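Novice: First, the structure itself, so that you have it in front of you.
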There are 2 protein chains.
Amino acid sequence: MTDNAFCPTLAPSFRALLDEIQGRCVAVVGHARPDGDCIGSQVALARVLRALGHQAICVNQDAVPRRLEFCARGESFINMDGLGQGEIIAIFVDCADHERAGKKPRERFAQPFANIDHHVSNVGYATHNCVDAKAAATCEILAGLFLDLDLPVDAATAKALYAGIVTDTGQFRFASTTGNTFRLVSELVSRGADPVEAGFELYEREPLGKMQLLQHFLASFEMHADGRICIGTIARGVFDQTGTSPEDTEGLVDYARAIDGVEIGCLIEEKEDGAKASLRANDPVFRVDQVASQFNGGGHACAAGLNFTGLTTAEFRQRLVQALITRLHEVDASKRN
Amino acid sequence: MTDNAFCPTLAPSFRALLDEIQGRCVAVVGHARPDGDCIGSQVALARVLRALGHQAICVNQDAVPRRLEFCARGESFINMDGLGQGEIIAIFVDCADHERAGKKPRERFAQPFANIDHHVSNVGYATHNCVDAKAAATCEILAGLFLDLDLPVDAATAKALYAGIVTDTGQFRFASTTGNTFRLVSELVSRGADPVEAGFELYEREPLGKMQLLQHFLASFEMHADGRICIGTIARGVFDQTGTSPEDTEGLVDYARAIDGVEIGCLIEEKEDGAKASLRANDPVFRVDQVASQFNGGGHACAAGLNFTGLTTAEFRQRLVQALITRLHEVDASKRN
């Protein structure tokens with residue numbers, strides 16, 4: 001490691017973790033409804049482990065989203081049913097808690113070997129926990145560790161890491177983006193990450209149905225708290241109507257947050273037996289993870305999510321709006337003091 | 001300069017140019033309808049010149065757009081009428097040719113002192129020409145020169161340079177984005193550029209009406225030629241209904257072009273006595289400027305526009321679709337040969 005190390009605090013424990021694998025097969029486990037940081041982390045870590053001579057396989061209960069296929073080319077993803085019963089250890093990546101990977105992975109890996117993550121709510125549920133809540137992405141942690149420890153990062157690995165960083169920073173716009181993020185990305189680009197390819201694949205190959213989904217979402221906007229909260233709802237039936245699926249909601253909530261004056265944007269997705277909500281704040285002071293936790297959800301200070309059952313969408317929306325307004329008032333009060 | 005210099009070829013001539021200013025007052029001249037790279041370059045260069053002890057003033061025939069005000073705070077912009085008749089030399093920035101700044105600047109500065117730019121068509125119309133067509137932005141050239149020559153880049157200068165780079169690379173997605181771009185940006189962030197503030201000011205302060213305009217535009221999409229053409233229409237009355245104006249259509253046509261499989265995206269804007277159309281292709285091979293010219297319009301190979309009168313929108317749309325389909329077939333035929 002040099003003076004310019006990216007991850008000096010975590011690098012020694014990551015090195016120790018690698019040494020402890022000792023030829024065992026590693027399941028690199030990601031979370032349900034995987035996003036760019038999840039898939040990017042899984043692909044990159046599996047590739048580096050294999051380059052170091054270990055056996056590694058990517059495990060995810062859900063499929064790789066189409067827009068992320070470009071950075072998972074040549075990588076096999078299996079679900080728990082495909083894993084078989086042989087001896088295998090698990091490294092959970094980008095999973096804020098043990099549940100995030102789904103029921104089957106949690107049961108099979110009651111005590112995961114390792115947990116690599118950047119969520120502030122991660123309490124460390126594995127034997128080895130490489131958690132840095134200041135990192136912009138799990139891929140930022142992994143990229144830093146790989147470069148610090150001089151591990152083999154080839155073009156495919158660099159592309160996967162880049163995909164995770166560019167998506168989890170909202171194209172380098174979220175508060176977690178630092179000078180270090182750009183320095184890391186510069187290294188990844190010099191190793192073969194391609195910002196043009198990634199930009200095209202991630203943002204310019206939208207299915208027509210996704211545009212129609214966006215149209216429905218925009219048409220549903222409701223403003224609350226004098227325009228400081230914007231909530232949009234994907235009603236039951238809209239996925240069928242537009243030929244889309246829940247994975248196509250990715251990024252939609254940002255349209256609610258991007259309106260001038262809006263401090264918290266929300267997306268509510270109606271489900272058969274309840275709904276799912278995504279919350280995005282334009283300032284970490286709003287700690288939307290804490291609002292989400294009131295509904296048994298969680299996440300980051302600026303980006304959180306939750307599921308609920310047992311209420312109508314209208315009832316739930318009302319409670320959520322109330323909780324958000326309370327939070328705005330708390331923040332207003334703390335600013336006055 | 002170190003081994004890691006950003007602009008080794010241009011740095012010596014830029015150094016010589018600075019030495020030649022010799023206490024004269026400098027007008028830093030930008031182009032009409034200024035974008036982020038223009039405003040960022042003007043602010044940054046004027047600040048650095050003043051930090052070096054020169055007098056410098058930003059000159060632009062048009063006002064700083066609202067979304068760019070954050071990086072021009074504390075900087076005075078004047079137009080040619082405000083410049084007075086005293087001795088002054090001009091450095092043109094981000095102006096591909098002498099005309100781009102407008103008629104008055106071209107006449108007053110018939111032979112500009114310098115020209116700093118990244119457009120491939122720049123032929124060098126000044127005494128000193130710092131042109132690098134490989135640079136992602138004029139701000140990338142300036143940032144590289146400032147850092148290479150160890151000139152004073154404070155936070156406000158870093159913010160201005162960042163704004164130019166992030167906008168002219170389409171948020172680090174255009175082909176001009178390199179590892180060097182990210183390395184430079186990392187330096188700018190360490191000097192005070194703020195990706196969060198820039199992202200917010202540039203991309204997340206959309207009026208609610210603009211989102212509603214987008215919603216109307218998306219709802220109007222029609223696909224033609226097996227999904228290779230997507231046309232959206234802003235009907236008469238939608239501006240009033242959403243509290244928007246024609247300037248708010250900026251960027252909308254990209255939603256038509258960004259659909260998977262679409263090769264040409266169009267926006268038709270109904271007017272009192274006809275309509276206006278914008279065409280965007282995802283490949284210059286389609287030469288949409290030539291299609292526009294069939295309707296007395298024009299533009300670039302990938303981005304063109306036209307106005308028409310005397311037809312209903314439906315009639316016009318039909319003729320435009322026919323012209324575009326003909327163009328697709330011509331391109332298909334030329335690819336087969």
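Chain lettering (A, B, ...) mirrors the order of the structure tokens, residue numbering begins at 1 for each chain separately, and ligand numbering begins at 1 in order of display.
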Pairing every Cα of chain B with chain A in order, what RMSD remains after the least-squares superposition?
Specialist: 3.7 Å
Novice: Using only C-alpha atoms, which protein or nucleic acid residues come within 8 Å of Ala46 in chain B? Drop anything in the same chain fewer than 2 positions from it, and give the result as a ChimeraX atom specification.
Specialist: /B:28,42-44,48-50,56-58
Novice: Those selected residues, please, written with C-alpha atoms and delivered as a PDB file, in the first residue's frame.
Specialist:
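The resulting file, part-v4.pdb, is reproduced below:
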```
ATOM      1  CA  VAL B  28     -12.692  36.904 -21.192  1.00  0.00           C
ATOM      2  CA  GLN B  42     -15.048  32.406 -18.322  1.00  0.00           C
ATOM      3  CA  VAL B  43     -15.377  32.439 -14.537  1.00  0.00           C
ATOM      4  CA  ALA B  44     -12.355  30.210 -13.951  1.00  0.00           C
ATOM      5  CA  VAL B  48      -7.055  32.942 -12.181  1.00  0.00           C
ATOM      6  CA  LEU B  49      -5.986  36.002 -14.185  1.00  0.00           C
ATOM      7  CA  ARG B  50      -6.998  38.270 -11.314  1.00  0.00           C
ATOM      8  CA  ALA B  56     -10.034  40.578 -16.072  1.00  0.00           C
ATOM      9  CA  ILE B  57     -13.742  40.899 -16.857  1.00  0.00           C
ATOM     10  CA  CYS B  58     -16.211  38.341 -18.238  1.00  0.00           C
TER      11      CYS B  58
END
```
Novice: Excluding same-chain residues fewer than 4 positions from Thr249 in chain A, what lies within 9 Å of it counting only C-alpha atoms, as JSON, numbers by chain?
Specialist: {"A": [210, 213, 214, 234, 244, 245, 253, 267, 269]}
Novice: Check every residue of chain B for an atom within 7 Å of chain A, counting only C-alpha atoms, and provide those that qualify as a PyMOL selection string.
Specialist: chain B and resi 171-175+179-180+182-183+185-187+189-190+195-196+199+204-208+211-212+215+218-219+258-260
Novice: Find the residues near range 122-127 of chain A: any atom within 6 Å, counting only C-alpha atoms, skip ones fewer than 5 places away on the same chain, and give them as a list of chain:residue names.
Specialist: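 These residues fall inside the cut-off: A:Ala96, A:Asp97, A:Gln111, A:Pro112, A:Phe113, A:Ala114, A:Asn115.
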Novice: I'd like the neighbourhood of Ile78 in chain A as a ChimeraX atom specification, where a residue qualifies if any of its atoms comes within 12 Å (using only C-alpha atoms), though same-chain residues fewer than 4 positions away should be ignored.
Specialist: /A:27-30,42,56-64,82-84,105
Novice: Could you pull out the strand (DSSP E or B) residues of range 181-232 of chain A, going by DSSP on the backbone, and write them as number ranges by chain?
Specialist: A: 206, 222-224, 229-232
Novice: Measure the distance from CA of Val120 in chain B to CA of Arg15 in chain B in Å and round it to one decimal.
Specialist: 22.9 Å
Novice: As a ChimeraX atom specification, please: every residue in range 164-272 of chain B that a backbone DSSP assignment puts in helix (DSSP H, G or I).
Specialist: /B:164-168,179-190,195-203,208-219,238-242,246-249,253-257
Novice: Which residues come within 8 Å of range 293-295 of chain A, counting only C-alpha atoms, excluding same-chain residues fewer than 5 positions away, as a list of chain:residue names?
Specialist: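 So, after excluding close chain neighbours, the residues are A:Leu306, A:Asn307, A:Phe308.
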Novice: If you keep all heavy atoms, can you produce a file of those selected residues as a compact mmCIF listing (two decimals), in the first residue's frame?
Specialist:
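The resulting file, part11.txt, is reproduced below:
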```txt
# COMPACT_ATOMS: atom_id res chain seq x y z
N LEU A 306 -38.85 0.59 2.33
CA LEU A 306 -39.63 -0.18 3.30
C LEU A 306 -40.76 -0.90 2.59
O LEU A 306 -41.14 -0.56 1.47
CB LEU A 306 -40.22 0.78 4.34
CG LEU A 306 -41.17 1.86 3.80
CD1 LEU A 306 -42.58 1.63 4.27
CD2 LEU A 306 -40.68 3.22 4.26
N ASN A 307 -41.27 -1.92 3.25
CA ASN A 307 -42.43 -2.67 2.76
C ASN A 307 -43.49 -2.61 3.82
O ASN A 307 -43.19 -2.54 5.00
CB ASN A 307 -42.06 -4.13 2.53
CG ASN A 307 -41.14 -4.29 1.35
OD1 ASN A 307 -41.57 -4.26 0.21
ND2 ASN A 307 -39.84 -4.43 1.62
N PHE A 308 -44.76 -2.65 3.42
CA PHE A 308 -45.79 -2.75 4.43
C PHE A 308 -46.92 -3.62 3.91
O PHE A 308 -47.11 -3.80 2.71
CB PHE A 308 -46.32 -1.38 4.86
CG PHE A 308 -47.29 -0.82 3.87
CD1 PHE A 308 -48.65 -1.07 3.98
CD2 PHE A 308 -46.85 -0.06 2.81
CE1 PHE A 308 -49.54 -0.56 3.04
CE2 PHE A 308 -47.72 0.44 1.89
CZ PHE A 308 -49.08 0.20 2.00
```
Novice: Taking into account only C-alpha atoms, which residue in the set A:Ala155, A:Val331, A:Ile21, A:Leu324 is nearest to Arg73 in chain A?
Specialist: A:Ala155
Novice: Taking only C-alpha atoms into account, name the residue in B:Ser13, B:Ser220, B:Thr167, B:Thr157 that is nearest to Asn129 in chain B.
Specialist: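 Looking at the shortest contact to Asn129 in chain B, the residue is B:Ser13.
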Novice: Find the residues around Leu145 in chain B up to 12 Å (only C-alpha atoms counted), leave out those fewer than 4 positions away in its own chain, and share them as a ChimeraX atom specification.
Specialist: /B:1,5-15,17-18,44-45,48,116,130-132,135,138-141,149-153,161,184
Novice: Would you work out the distance separating CA of Tyr162 in chain B from CA of Gly102 in chain B, expressed in Å to one decimal?
Specialist: 25.5 Å
